[in-house]
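Listing of target28.pdb, PDB, C-alpha atoms
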ATOM      1  CA  MET E   1      64.349  71.012 -47.382  1.00  0.00           C
ATOM      2  CA  ASN E   2      66.800  69.198 -45.120  1.00  0.00           C
ATOM      3  CA  ARG E   3      67.363  65.463 -45.067  1.00  0.00           C
ATOM      4  CA  GLY E   4      65.581  64.846 -41.742  1.00  0.00           C
ATOM      5  CA  ARG E   5      62.468  66.632 -42.872  1.00  0.00           C
ATOM      6  CA  MET E   6      62.525  64.701 -46.191  1.00  0.00           C
ATOM      7  CA  ARG E   7      62.758  61.351 -44.346  1.00  0.00           C
ATOM      8  CA  ARG E   8      59.839  62.229 -42.080  1.00  0.00           C
ATOM      9  CA  TYR E   9      57.812  63.313 -45.113  1.00  0.00           C
ATOM     10  CA  TYR E  10      58.449  60.019 -46.971  1.00  0.00           C
ATOM     11  CA  ALA E  11      57.918  58.001 -43.776  1.00  0.00           C
ATOM     12  CA  GLY E  12      54.511  59.678 -43.368  1.00  0.00           C
ATOM     13  CA  ILE E  13      53.538  58.888 -46.956  1.00  0.00           C
ATOM     14  CA  LEU E  14      54.660  55.285 -46.471  1.00  0.00           C
ATOM     15  CA  ALA E  15      52.694  54.988 -43.197  1.00  0.00           C
ATOM     16  CA  VAL E  16      49.498  56.349 -44.790  1.00  0.00           C
ATOM     17  CA  GLY E  17      49.890  53.937 -47.725  1.00  0.00           C
ATOM     18  CA  MET E  18      50.411  50.982 -45.406  1.00  0.00           C
ATOM     19  CA  MET E  19      47.356  51.914 -43.329  1.00  0.00           C
ATOM     20  CA  GLY E  20      45.245  52.154 -46.496  1.00  0.00           C
ATOM     21  CA  THR E  21      46.485  48.767 -47.676  1.00  0.00           C
ATOM     22  CA  GLY E  22      45.777  47.215 -44.271  1.00  0.00           C
ATOM     23  CA  LEU E  23      42.281  48.670 -44.227  1.00  0.00           C
ATOM     24  CA  ALA E  24      41.551  47.356 -47.747  1.00  0.00           C
ATOM     25  CA  LEU E  25      42.799  43.877 -46.821  1.00  0.00           C
ATOM     26  CA  ALA E  26      40.732  43.856 -43.623  1.00  0.00           C
ATOM     27  CA  GLN E  27      37.586  44.830 -45.542  1.00  0.00           C
ATOM     28  CA  GLY E  28      38.295  42.149 -48.139  1.00  0.00           C
ATOM     29  CA  GLN E  29      38.645  39.510 -45.425  1.00  0.00           C
ATOM     30  CA  MET E  30      35.447  40.668 -43.738  1.00  0.00           C
ATOM     31  CA  SER E  31      33.642  40.605 -47.072  1.00  0.00           C
ATOM     32  CA  GLY E  32      35.062  37.154 -47.819  1.00  0.00           C
ATOM     33  CA  GLN E  33      33.915  35.888 -44.412  1.00  0.00           C
ATOM     34  CA  ALA E  34      30.424  37.284 -45.005  1.00  0.00           C
ATOM     35  CA  SER E  35      30.321  35.670 -48.444  1.00  0.00           C
ATOM     36  CA  ALA E  36      31.477  32.361 -46.997  1.00  0.00           C
ATOM     37  CA  GLN E  37      28.814  32.568 -44.269  1.00  0.00           C
ATOM     38  CA  THR E  38      26.113  33.381 -46.829  1.00  0.00           C
ATOM     39  CA  LEU E  39      27.251  30.506 -49.046  1.00  0.00           C
ATOM     40  CA  ALA E  40      27.268  28.117 -46.086  1.00  0.00           C
ATOM     41  CA  GLN E  41      23.750  29.183 -45.089  1.00  0.00           C
ATOM     42  CA  THR E  42      22.461  28.849 -48.660  1.00  0.00           C
ATOM     43  CA  THR E  43      23.977  25.422 -49.258  1.00  0.00           C
ATOM     44  CA  ALA E  44      22.825  24.214 -45.840  1.00  0.00           C
ATOM     45  CA  GLN E  45      19.179  24.829 -46.773  1.00  0.00           C
ATOM     46  CA  PRO E  46      17.341  21.855 -48.216  1.00  0.00           C
ATOM     47  CA  SER E  47      16.518  22.227 -51.916  1.00  0.00           C
ATOM     48  CA  SER E  48      12.812  22.183 -51.084  1.00  0.00           C
ATOM     49  CA  GLN E  49      13.245  25.433 -49.139  1.00  0.00           C
ATOM     50  CA  LEU E  50      15.180  27.012 -51.995  1.00  0.00           C
ATOM     51  CA  SER E  51      12.618  26.008 -54.610  1.00  0.00           C
ATOM     52  CA  GLY E  52       9.774  27.207 -52.374  1.00  0.00           C
ATOM     53  CA  THR E  53      11.018  30.785 -52.644  1.00  0.00           C
ATOM     54  CA  TYR E  54       9.759  31.423 -56.169  1.00  0.00           C
ATOM     55  CA  GLN E  55       8.058  34.799 -56.452  1.00  0.00           C
ATOM     56  CA  PRO E  56       5.427  35.068 -59.234  1.00  0.00           C
ATOM     57  CA  LYS E  57       6.433  37.499 -61.986  1.00  0.00           C
ATOM     58  CA  PHE E  58       2.896  38.801 -62.611  1.00  0.00           C
ATOM     59  CA  PRO E  59      -0.644  38.239 -61.261  1.00  0.00           C
ATOM     60  CA  GLY E  60      -1.791  34.746 -62.230  1.00  0.00           C
ATOM     61  CA  ASP E  61       1.753  33.533 -63.046  1.00  0.00           C
ATOM     62  CA  PRO E  62       1.397  29.740 -63.484  1.00  0.00           C
ATOM     63  CA  ALA E  63       5.126  29.009 -62.995  1.00  0.00           C
ATOM     64  CA  ARG E  64       6.211  27.042 -59.938  1.00  0.00           C
ATOM     65  CA  SER E  65       9.913  27.927 -60.160  1.00  0.00           C
ATOM     66  CA  GLU E  66      12.338  30.297 -61.833  1.00  0.00           C
ATOM     67  CA  SER E  67      13.156  27.566 -64.388  1.00  0.00           C
ATOM     68  CA  GLU E  68       9.492  27.157 -65.284  1.00  0.00           C
ATOM     69  CA  ALA E  69       9.084  30.921 -65.581  1.00  0.00           C
ATOM     70  CA  GLN E  70      11.957  31.034 -68.069  1.00  0.00           C
ATOM     71  CA  ALA E  71      10.596  28.080 -70.062  1.00  0.00           C
ATOM     72  CA  LEU E  72       7.099  29.584 -70.204  1.00  0.00           C
ATOM     73  CA  GLY E  73       8.546  32.968 -71.167  1.00  0.00           C
ATOM     74  CA  TYR E  74      10.424  31.374 -74.059  1.00  0.00           C
ATOM     75  CA  MET E  75       7.251  29.621 -75.203  1.00  0.00           C
ATOM     76  CA  ARG E  76       5.267  32.876 -75.110  1.00  0.00           C
ATOM     77  CA  VAL E  77       7.901  34.620 -77.242  1.00  0.00           C
ATOM     78  CA  VAL E  78       7.778  31.783 -79.809  1.00  0.00           C
ATOM     79  CA  LEU E  79       3.965  31.759 -79.855  1.00  0.00           C
ATOM     80  CA  ARG E  80       3.818  35.547 -80.377  1.00  0.00           C
ATOM     81  CA  ALA E  81       6.428  35.348 -83.146  1.00  0.00           C
ATOM     82  CA  GLU E  82       4.452  32.561 -84.862  1.00  0.00           C
ATOM     83  CA  ARG E  83       1.266  34.657 -84.764  1.00  0.00           C
ATOM     84  CA  GLU E  84       3.128  37.608 -86.277  1.00  0.00           C
ATOM     85  CA  TYR E  85       4.780  35.372 -88.896  1.00  0.00           C
ATOM     86  CA  LYS E  86       1.380  33.961 -89.872  1.00  0.00           C
ATOM     87  CA  LYS E  87      -0.006  37.511 -90.341  1.00  0.00           C
ATOM     88  CA  ARG E  88       2.877  38.404 -92.656  1.00  0.00           C
ATOM     89  CA  HIS E  89       3.154  35.149 -94.648  1.00  0.00           C
ATOM     90  CA  SER E  90      -0.333  33.584 -94.338  1.00  0.00           C
ATOM     91  CA  LYS E  91       1.206  30.412 -92.897  1.00  0.00           C
ATOM     92  CA  TYR E  92       3.212  29.217 -89.896  1.00  0.00           C
ATOM     93  CA  THR E  93       6.947  28.670 -90.201  1.00  0.00           C
ATOM     94  CA  ASP E  94       8.534  25.235 -90.466  1.00  0.00           C
ATOM     95  CA  SER E  95      11.531  26.086 -88.252  1.00  0.00           C
ATOM     96  CA  LEU E  96      12.622  28.277 -85.383  1.00  0.00           C
ATOM     97  CA  ALA E  97      15.423  29.678 -87.543  1.00  0.00           C
ATOM     98  CA  ALA E  98      12.821  31.143 -89.918  1.00  0.00           C
ATOM     99  CA  LEU E  99      11.272  32.994 -86.972  1.00  0.00           C
ATOM    100  CA  ALA E 100      14.481  34.906 -86.177  1.00  0.00           C
ATOM    101  CA  GLY E 101      13.784  38.622 -86.365  1.00  0.00           C
ATOM    102  CA  THR E 102      10.036  38.187 -85.964  1.00  0.00           C
ATOM    103  CA  GLY E 103       8.718  40.021 -82.927  1.00  0.00           C
ATOM    104  CA  THR E 104      11.198  39.647 -80.085  1.00  0.00           C
ATOM    105  CA  PHE E 105      12.443  36.235 -81.279  1.00  0.00           C
ATOM    106  CA  THR E 106      16.150  36.487 -82.073  1.00  0.00           C
ATOM    107  CA  LYS E 107      18.675  34.427 -84.049  1.00  0.00           C
ATOM    108  CA  ARG E 108      20.326  33.590 -80.752  1.00  0.00           C
ATOM    109  CA  MET E 109      17.067  32.093 -79.438  1.00  0.00           C
ATOM    110  CA  ALA E 110      16.785  29.932 -82.566  1.00  0.00           C
ATOM    111  CA  HIS E 111      20.427  28.883 -82.454  1.00  0.00           C
ATOM    112  CA  SER E 112      20.195  26.534 -79.457  1.00  0.00           C
ATOM    113  CA  THR E 113      17.465  24.272 -78.152  1.00  0.00           C
ATOM    114  CA  GLU E 114      19.094  24.248 -74.703  1.00  0.00           C
ATOM    115  CA  ARG E 115      17.145  26.695 -72.519  1.00  0.00           C
ATOM    116  CA  GLY E 116      18.542  26.406 -68.983  1.00  0.00           C
ATOM    117  CA  ASP E 117      16.939  23.434 -67.236  1.00  0.00           C
ATOM    118  CA  TYR E 118      14.850  22.755 -70.362  1.00  0.00           C
ATOM    119  CA  THR E 119      15.272  21.577 -73.933  1.00  0.00           C
ATOM    120  CA  ALA E 120      13.042  23.196 -76.549  1.00  0.00           C
ATOM    121  CA  SER E 121      11.622  21.222 -79.444  1.00  0.00           C
ATOM    122  CA  PHE E 122       9.826  22.648 -82.472  1.00  0.00           C
ATOM    123  CA  ARG E 123       8.344  20.867 -85.459  1.00  0.00           C
ATOM    124  CA  PRO E 124       5.820  21.660 -88.149  1.00  0.00           C
ATOM    125  CA  ASN E 125       2.465  19.951 -87.701  1.00  0.00           C
ATOM    126  CA  HIS E 126       1.162  19.086 -91.144  1.00  0.00           C
ATOM    127  CA  ASP E 127      -1.483  16.739 -89.697  1.00  0.00           C
ATOM    128  CA  ARG E 128      -3.920  19.649 -89.518  1.00  0.00           C
ATOM    129  CA  PRO E 129      -6.685  19.830 -92.122  1.00  0.00           C
ATOM    130  CA  ASN E 130      -5.008  22.809 -93.821  1.00  0.00           C
ATOM    131  CA  HIS E 131      -1.528  21.260 -93.322  1.00  0.00           C
ATOM    132  CA  ASP E 132      -0.457  24.403 -91.475  1.00  0.00           C
ATOM    133  CA  GLY E 133       0.572  24.196 -87.861  1.00  0.00           C
ATOM    134  CA  PHE E 134       3.389  23.563 -85.413  1.00  0.00           C
ATOM    135  CA  VAL E 135       4.170  21.861 -82.120  1.00  0.00           C
ATOM    136  CA  LEU E 136       6.402  23.474 -79.506  1.00  0.00           C
ATOM    137  CA  THR E 137       7.534  21.573 -76.405  1.00  0.00           C
ATOM    138  CA  MET E 138       9.747  22.347 -73.446  1.00  0.00           C
ATOM    139  CA  THR E 139      11.120  19.226 -71.768  1.00  0.00           C
ATOM    140  CA  PRO E 140      12.869  19.531 -68.405  1.00  0.00           C
ATOM    141  CA  LYS E 141      16.203  17.817 -67.941  1.00  0.00           C
ATOM    142  CA  GLN E 142      14.779  16.543 -64.649  1.00  0.00           C
ATOM    143  CA  MET E 143      11.039  16.195 -64.117  1.00  0.00           C
ATOM    144  CA  ASP E 144       9.896  17.121 -60.600  1.00  0.00           C
ATOM    145  CA  ALA E 145       7.440  19.440 -58.836  1.00  0.00           C
ATOM    146  CA  ASP E 146       9.426  22.511 -59.978  1.00  0.00           C
ATOM    147  CA  HIS E 147      10.030  21.310 -63.552  1.00  0.00           C
ATOM    148  CA  ARG E 148       6.910  20.342 -65.489  1.00  0.00           C
ATOM    149  CA  SER E 149       6.992  19.608 -69.210  1.00  0.00           C
ATOM    150  CA  PHE E 150       5.131  22.003 -71.524  1.00  0.00           C
ATOM    151  CA  TYR E 151       3.368  21.684 -74.869  1.00  0.00           C
ATOM    152  CA  ALA E 152       1.763  24.184 -77.240  1.00  0.00           C
ATOM    153  CA  GLU E 153       0.359  24.271 -80.749  1.00  0.00           C
ATOM    154  CA  GLU E 154      -0.738  27.075 -83.040  1.00  0.00           C
ATOM    155  CA  ASP E 155      -3.828  27.770 -80.883  1.00  0.00           C
ATOM    156  CA  GLY E 156      -1.406  29.390 -78.390  1.00  0.00           C
ATOM    157  CA  VAL E 157      -2.605  27.384 -75.374  1.00  0.00           C
ATOM    158  CA  ILE E 158       0.228  26.069 -73.200  1.00  0.00           C
ATOM    159  CA  HIS E 159      -0.325  22.694 -71.534  1.00  0.00           C
ATOM    160  CA  GLY E 160       1.785  21.339 -68.662  1.00  0.00           C
ATOM    161  CA  ASP E 161       2.358  17.981 -67.028  1.00  0.00           C
ATOM    162  CA  ASP E 162       4.492  16.983 -64.040  1.00  0.00           C
ATOM    163  CA  GLN E 163       4.142  13.224 -64.586  1.00  0.00           C
ATOM    164  CA  LYS E 164       4.996  12.733 -68.269  1.00  0.00           C
ATOM    165  CA  ALA E 165       5.794  14.597 -71.465  1.00  0.00           C
ATOM    166  CA  ALA E 166       3.038  17.187 -71.892  1.00  0.00           C
ATOM    167  CA  ASP E 167       0.661  16.904 -74.827  1.00  0.00           C
ATOM    168  CA  MET E 168      -2.646  18.351 -76.027  1.00  0.00           C
ATOM    169  CA  ASP E 169      -4.522  16.390 -73.334  1.00  0.00           C
ATOM    170  CA  SER E 170      -2.392  17.748 -70.457  1.00  0.00           C
ATOM    171  CA  PRO E 171      -3.908  20.439 -68.221  1.00  0.00           C
ATOM    172  CA  LYS E 172      -3.765  24.029 -69.468  1.00  0.00           C
ATOM    173  CA  VAL E 173      -1.354  26.294 -67.622  1.00  0.00           C
ATOM    174  CA  LYS E 174      -2.195  29.540 -69.389  1.00  0.00           C
TER     175      LYS E 174
END
Can you turn what I pasted into C-alpha coordinates?
Amino acid sequence: MNRGRMRRYYAGILAVGMMGTGLALAQGQMSGQASAQTLAQTTAQPSSQLSGTYQPKFPGDPARSESEAQALGYMRVVLRAEREYKKRHSKYTDSLAALAGTGTFTKRMAHSTERGDYTASFRPNHDRPNHDGFVLTMTPKQMDADHRSFYAEEDGVIHGDDQKAADMDSPKVK
(Lines of atoms letter the chains of each structure in order from A and count residues from 1; the text may use other names and numbers.)
(Lines give C-alpha, C1' and ligand atoms only; values in the text may rest on other atoms or scores of the structure.)
Protein backbone atom coordinates (compact mmCIF):
# COMPACT_ATOMS: atom_id res chain seq x y z
CA MET A 1 0.00 0.00 0.00
CA ASN A 2 1.45 3.39 -0.90
CA ARG A 3 1.77 6.32 1.46
CA GLY A 4 -1.06 8.38 -0.07
CA ARG A 5 -3.51 5.54 0.19
CA MET A 6 -2.43 4.90 3.82
CA ARG A 7 -3.00 8.58 4.74
CA ARG A 8 -6.47 8.58 3.18
CA TYR A 9 -7.29 5.35 5.03
CA TYR A 10 -6.23 6.78 8.42
CA ALA A 11 -7.91 10.12 7.65
CA GLY A 12 -11.17 8.25 6.98
CA ILE A 13 -10.91 6.33 10.25
CA LEU A 14 -10.20 9.58 12.10
CA ALA A 15 -13.17 11.32 10.42
CA VAL A 16 -15.56 8.48 11.32
CA GLY A 17 -14.32 8.53 14.93
CA MET A 18 -14.76 12.29 15.18
CA MET A 19 -18.29 12.09 13.75
CA GLY A 20 -19.19 9.38 16.28
CA THR A 21 -17.80 11.46 19.13
CA GLY A 22 -19.69 14.54 17.93
CA LEU A 23 -22.92 12.58 17.68
CA ALA A 24 -22.48 11.16 21.21
CA LEU A 25 -21.79 14.62 22.63
CA ALA A 26 -24.82 16.09 20.85
CA GLN A 27 -27.08 13.34 22.22
CA GLY A 28 -25.67 13.88 25.71
CA GLN A 29 -26.39 17.61 25.51
CA MET A 30 -29.91 16.97 24.23
CA SER A 31 -30.48 14.45 27.02
CA GLY A 32 -29.06 16.90 29.56
CA GLN A 33 -31.35 19.66 28.27
CA ALA A 34 -34.36 17.34 28.51
CA SER A 35 -33.38 16.35 32.04
CA ALA A 36 -32.95 19.99 33.01
CA GLN A 37 -36.36 20.84 31.52
CA THR A 38 -37.99 17.93 33.37
CA LEU A 39 -36.32 18.96 36.62
CA ALA A 40 -37.42 22.57 36.15
CA GLN A 41 -41.01 21.48 35.49
CA THR A 42 -41.03 19.16 38.51
CA THR A 43 -39.58 21.71 40.92
CA ALA A 44 -41.88 24.42 39.58
CA GLN A 45 -44.96 22.43 40.61
CA PRO A 46 -46.34 23.23 44.04
CA SER A 47 -45.85 20.43 46.57
CA SER A 48 -49.61 20.00 46.83
CA GLN A 49 -49.70 18.94 43.16
CA LEU A 50 -46.84 16.51 43.69
CA SER A 51 -48.41 14.94 46.76
CA GLY A 52 -51.78 14.70 45.00
CA THR A 53 -50.34 12.23 42.50
CA TYR A 54 -50.30 9.23 44.83
CA GLN A 55 -51.63 6.12 43.11
CA PRO A 56 -53.15 3.49 45.46
CA LYS A 57 -51.16 0.25 45.54
CA PHE A 58 -54.20 -2.03 45.87
CA PRO A 59 -58.01 -1.71 46.07
CA GLY A 60 -58.94 -0.04 49.36
CA ASP A 61 -55.39 1.27 49.98
CA PRO A 62 -55.77 3.70 52.93
CA ALA A 63 -52.47 5.52 52.27
CA ARG A 64 -52.58 9.16 51.21
CA SER A 65 -48.98 9.35 49.97
CA GLU A 66 -46.02 7.20 49.01
CA SER A 67 -44.52 7.83 52.48
CA GLU A 68 -47.68 6.61 54.19
CA ALA A 69 -47.78 3.55 51.94
CA GLN A 70 -44.23 2.67 52.99
CA ALA A 71 -44.98 3.24 56.69
CA LEU A 72 -48.14 1.12 56.53
CA GLY A 73 -46.29 -1.59 54.61
CA TYR A 74 -43.63 -1.73 57.31
CA MET A 75 -46.31 -1.99 59.99
CA ARG A 76 -48.04 -4.85 58.16
CA VAL A 77 -44.76 -6.77 57.91
CA VAL A 78 -44.15 -6.32 61.66
CA LEU A 79 -47.71 -7.33 62.54
CA ARG A 80 -47.49 -10.48 60.38
CA ALA A 81 -44.11 -11.38 61.89
CA GLU A 82 -45.52 -10.92 65.42
CA ARG A 83 -48.45 -13.24 64.62
CA GLU A 84 -46.04 -15.86 63.29
CA TYR A 85 -43.71 -15.42 66.29
CA LYS A 86 -46.65 -15.89 68.67
CA LYS A 87 -47.61 -19.16 66.90
CA ARG A 88 -44.08 -20.50 67.30
CA HIS A 89 -43.30 -19.27 70.84
CA SER A 90 -46.76 -18.85 72.44
CA LYS A 91 -45.96 -15.21 73.23
CA TYR A 92 -45.15 -11.93 71.49
CA THR A 93 -41.57 -10.73 71.26
CA ASP A 94 -40.16 -7.95 73.43
CA SER A 95 -38.05 -6.41 70.64
CA LEU A 96 -37.88 -5.94 66.90
CA ALA A 97 -34.45 -7.58 66.87
CA ALA A 98 -36.02 -10.83 68.11
CA LEU A 99 -38.38 -10.76 65.13
CA ALA A 100 -35.54 -10.82 62.57
CA GLY A 101 -35.94 -13.85 60.35
CA THR A 102 -39.62 -14.27 61.17
CA GLY A 103 -41.80 -14.07 58.08
CA THR A 104 -40.45 -11.37 55.80
CA PHE A 105 -39.04 -9.28 58.67
CA THR A 106 -35.28 -8.98 58.25
CA LYS A 107 -32.34 -8.03 60.49
CA ARG A 108 -31.95 -4.92 58.37
CA MET A 109 -35.53 -3.86 59.17
CA ALA A 110 -34.84 -4.30 62.89
CA HIS A 111 -31.51 -2.50 62.73
CA SER A 112 -32.86 1.04 62.26
CA THR A 113 -35.98 2.80 63.46
CA GLU A 114 -35.62 5.40 60.69
CA ARG A 115 -38.06 4.45 57.93
CA GLY A 116 -37.96 7.24 55.33
CA ASP A 117 -40.21 10.09 56.46
CA TYR A 118 -41.15 8.09 59.57
CA THR A 119 -39.60 6.83 62.79
CA ALA A 120 -40.73 3.42 64.02
CA SER A 121 -41.18 2.69 67.70
CA PHE A 122 -41.78 -0.72 69.26
CA ARG A 123 -42.25 -1.67 72.89
CA PRO A 124 -43.67 -4.59 74.80
CA ASN A 125 -47.06 -3.94 76.37
CA HIS A 126 -47.16 -5.80 79.66
CA ASP A 127 -50.25 -3.87 80.81
CA ARG A 128 -52.46 -6.54 79.24
CA PRO A 129 -54.17 -9.03 81.56
CA ASN A 130 -51.87 -11.84 80.37
CA HIS A 131 -48.84 -9.47 80.31
CA ASP A 132 -48.31 -10.34 76.65
CA GLY A 133 -48.57 -7.66 74.03
CA PHE A 134 -46.78 -4.93 72.12
CA VAL A 135 -47.25 -1.41 70.78
CA LEU A 136 -45.96 -0.38 67.36
CA THR A 137 -46.04 3.25 66.22
CA MET A 138 -44.92 5.12 63.13
CA THR A 139 -44.35 8.82 63.76
CA PRO A 140 -43.83 11.16 60.80
CA LYS A 141 -40.94 13.59 60.91
CA GLN A 142 -43.46 16.20 59.76
CA MET A 143 -47.17 15.80 60.44
CA ASP A 144 -49.39 17.02 57.58
CA ALA A 145 -52.17 15.76 55.31
CA ASP A 146 -49.77 13.32 53.60
CA HIS A 147 -48.05 12.13 56.80
CA ARG A 148 -50.38 10.81 59.50
CA SER A 149 -49.08 9.05 62.60
CA PHE A 150 -49.92 5.35 63.01
CA TYR A 151 -50.46 3.03 65.97
CA ALA A 152 -51.05 -0.71 66.30
CA GLU A 153 -51.17 -3.33 69.01
CA GLU A 154 -51.29 -7.12 68.97
CA ASP A 155 -54.89 -7.10 67.65
CA GLY A 156 -53.38 -6.09 64.28
CA VAL A 157 -55.62 -3.05 63.77
CA ILE A 158 -53.76 0.02 62.51
CA HIS A 159 -55.01 3.40 63.74
CA GLY A 160 -54.07 6.74 62.17
CA ASP A 161 -54.25 10.38 63.17
CA ASP A 162 -53.31 13.55 61.27
CA GLN A 163 -53.64 15.88 64.27
CA LYS A 164 -51.61 14.16 67.01
CA ALA A 165 -49.69 11.01 67.83
CA ALA A 166 -52.01 8.11 66.98
CA ASP A 167 -53.26 5.86 69.76
CA MET A 168 -55.89 3.17 70.34
CA ASP A 169 -58.66 5.80 70.18
CA SER A 170 -57.57 7.16 66.77
CA PRO A 171 -59.61 6.18 63.71
CA LYS A 172 -58.88 2.80 62.13
CA VAL A 173 -57.12 2.92 58.78
CA LYS A 174 -57.16 -0.79 58.01
(request) Report the distance between atom CA of Gly160 of chain E and atom CA of Leu96 of chain E in Å, rounded to one decimal place. (result) 21.1 Å
Convert the output of the PyMOL selection byres ((chain E and resi 101) around 12) on the shown file into explicit residues, formatted as a CSV table (one decimal) with C-alpha atoms, keeping the file's coordinate frame.
chain,number,residue,atom,x,y,z
E,77,VAL,CA,7.9,34.6,-77.2
E,78,VAL,CA,7.8,31.8,-79.8
E,81,ALA,CA,6.4,35.3,-83.1
E,82,GLU,CA,4.5,32.6,-84.9
E,84,GLU,CA,3.1,37.6,-86.3
E,85,TYR,CA,4.8,35.4,-88.9
E,96,LEU,CA,12.6,28.3,-85.4
E,97,ALA,CA,15.4,29.7,-87.5
E,98,ALA,CA,12.8,31.1,-89.9
E,99,LEU,CA,11.3,33.0,-87.0
E,100,ALA,CA,14.5,34.9,-86.2
E,102,THR,CA,10.0,38.2,-86.0
E,103,GLY,CA,8.7,40.0,-82.9
E,104,THR,CA,11.2,39.6,-80.1
E,105,PHE,CA,12.4,36.2,-81.3
E,106,THR,CA,16.2,36.5,-82.1
E,107,LYS,CA,18.7,34.4,-84.0
E,108,ARG,CA,20.3,33.6,-80.8
E,109,MET,CA,17.1,32.1,-79.4
E,110,ALA,CA,16.8,29.9,-82.6
(request) To one decimal in Å, tell me the separation between atom CA of Arg148 of chain E and atom CA of Ala69 of chain E. (result) 10.8 Å
(message) Can you pull out the residues contacting Lys172 of chain E? Cut-off 8 Å, using only C-alpha atoms, and skip same-chain residues under 4 positions away; I want them as a ChimeraX atom specification.
(response) /E:157-160
Mind dumping the selected residues with C-alpha atoms as an mmCIF file, keeping the file's coordinate frame?
data_model
loop_
_atom_site.group_PDB
_atom_site.id
_atom_site.type_symbol
_atom_site.label_atom_id
_atom_site.label_comp_id
_atom_site.auth_asym_id
_atom_site.auth_seq_id
_atom_site.Cartn_x
_atom_site.Cartn_y
_atom_site.Cartn_z
ATOM 1 C CA VAL E 157 -2.605 27.384 -75.374
ATOM 2 C CA ILE E 158 0.228 26.069 -73.200
ATOM 3 C CA HIS E 159 -0.325 22.694 -71.534
ATOM 4 C CA GLY E 160 1.785 21.339 -68.662
#
(message) Using the chain letters and numbers from this file, what does the PyMOL selection byres ((chain E and resi 57) around 12) select? Give the answer as a ChimeraX atom specification.
(response) /E:54-56,58-66,68-70,72-73
Can I get the selection written as a short mmCIF file (atom, residue, chain, number, x, y, z; two decimals), in the frame of the given file, with C-alpha atoms?
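The new file again-v7.cif reads:
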data_model
loop_
_atom_site.label_atom_id
_atom_site.label_comp_id
_atom_site.auth_asym_id
_atom_site.auth_seq_id
_atom_site.Cartn_x
_atom_site.Cartn_y
_atom_site.Cartn_z
CA TYR E 54 9.76 31.42 -56.17
CA GLN E 55 8.06 34.80 -56.45
CA PRO E 56 5.43 35.07 -59.23
CA PHE E 58 2.90 38.80 -62.61
CA PRO E 59 -0.64 38.24 -61.26
CA GLY E 60 -1.79 34.75 -62.23
CA ASP E 61 1.75 33.53 -63.05
CA PRO E 62 1.40 29.74 -63.48
CA ALA E 63 5.13 29.01 -63.00
CA ARG E 64 6.21 27.04 -59.94
CA SER E 65 9.91 27.93 -60.16
CA GLU E 66 12.34 30.30 -61.83
CA GLU E 68 9.49 27.16 -65.28
CA ALA E 69 9.08 30.92 -65.58
CA GLN E 70 11.96 31.03 -68.07
CA LEU E 72 7.10 29.58 -70.20
CA GLY E 73 8.55 32.97 -71.17
#
(message) Using all atoms listed in the file for the distances, tell me which of E:Ser95, E:Gln163, E:Ser170, E:Thr139 is nearest to Phe122 of chain E.
(response) E:Ser95
(message) Just checking: using all atoms listed in the file, which residue out of E:Asp167, E:Ala145, E:His126, E:Tyr92 ends up closest to Arg80 of chain E?
(response)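 Among the listed residues, E:Tyr92 lies closest to Arg80 of chain E.
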(message) One number please: atom CA of Asp162 of chain E to atom CA of Asp94 of chain E, in Å, one decimal.
(response)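 Going from atom CA of Asp162 of chain E over to atom CA of Asp94 of chain E, I get 28.0 Å.
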(message) Considering all atoms listed in the file, can you say which of E:His147, E:Lys87, E:Arg115, E:Arg3 comes closest to Met75 of chain E?
(response) E:Arg115
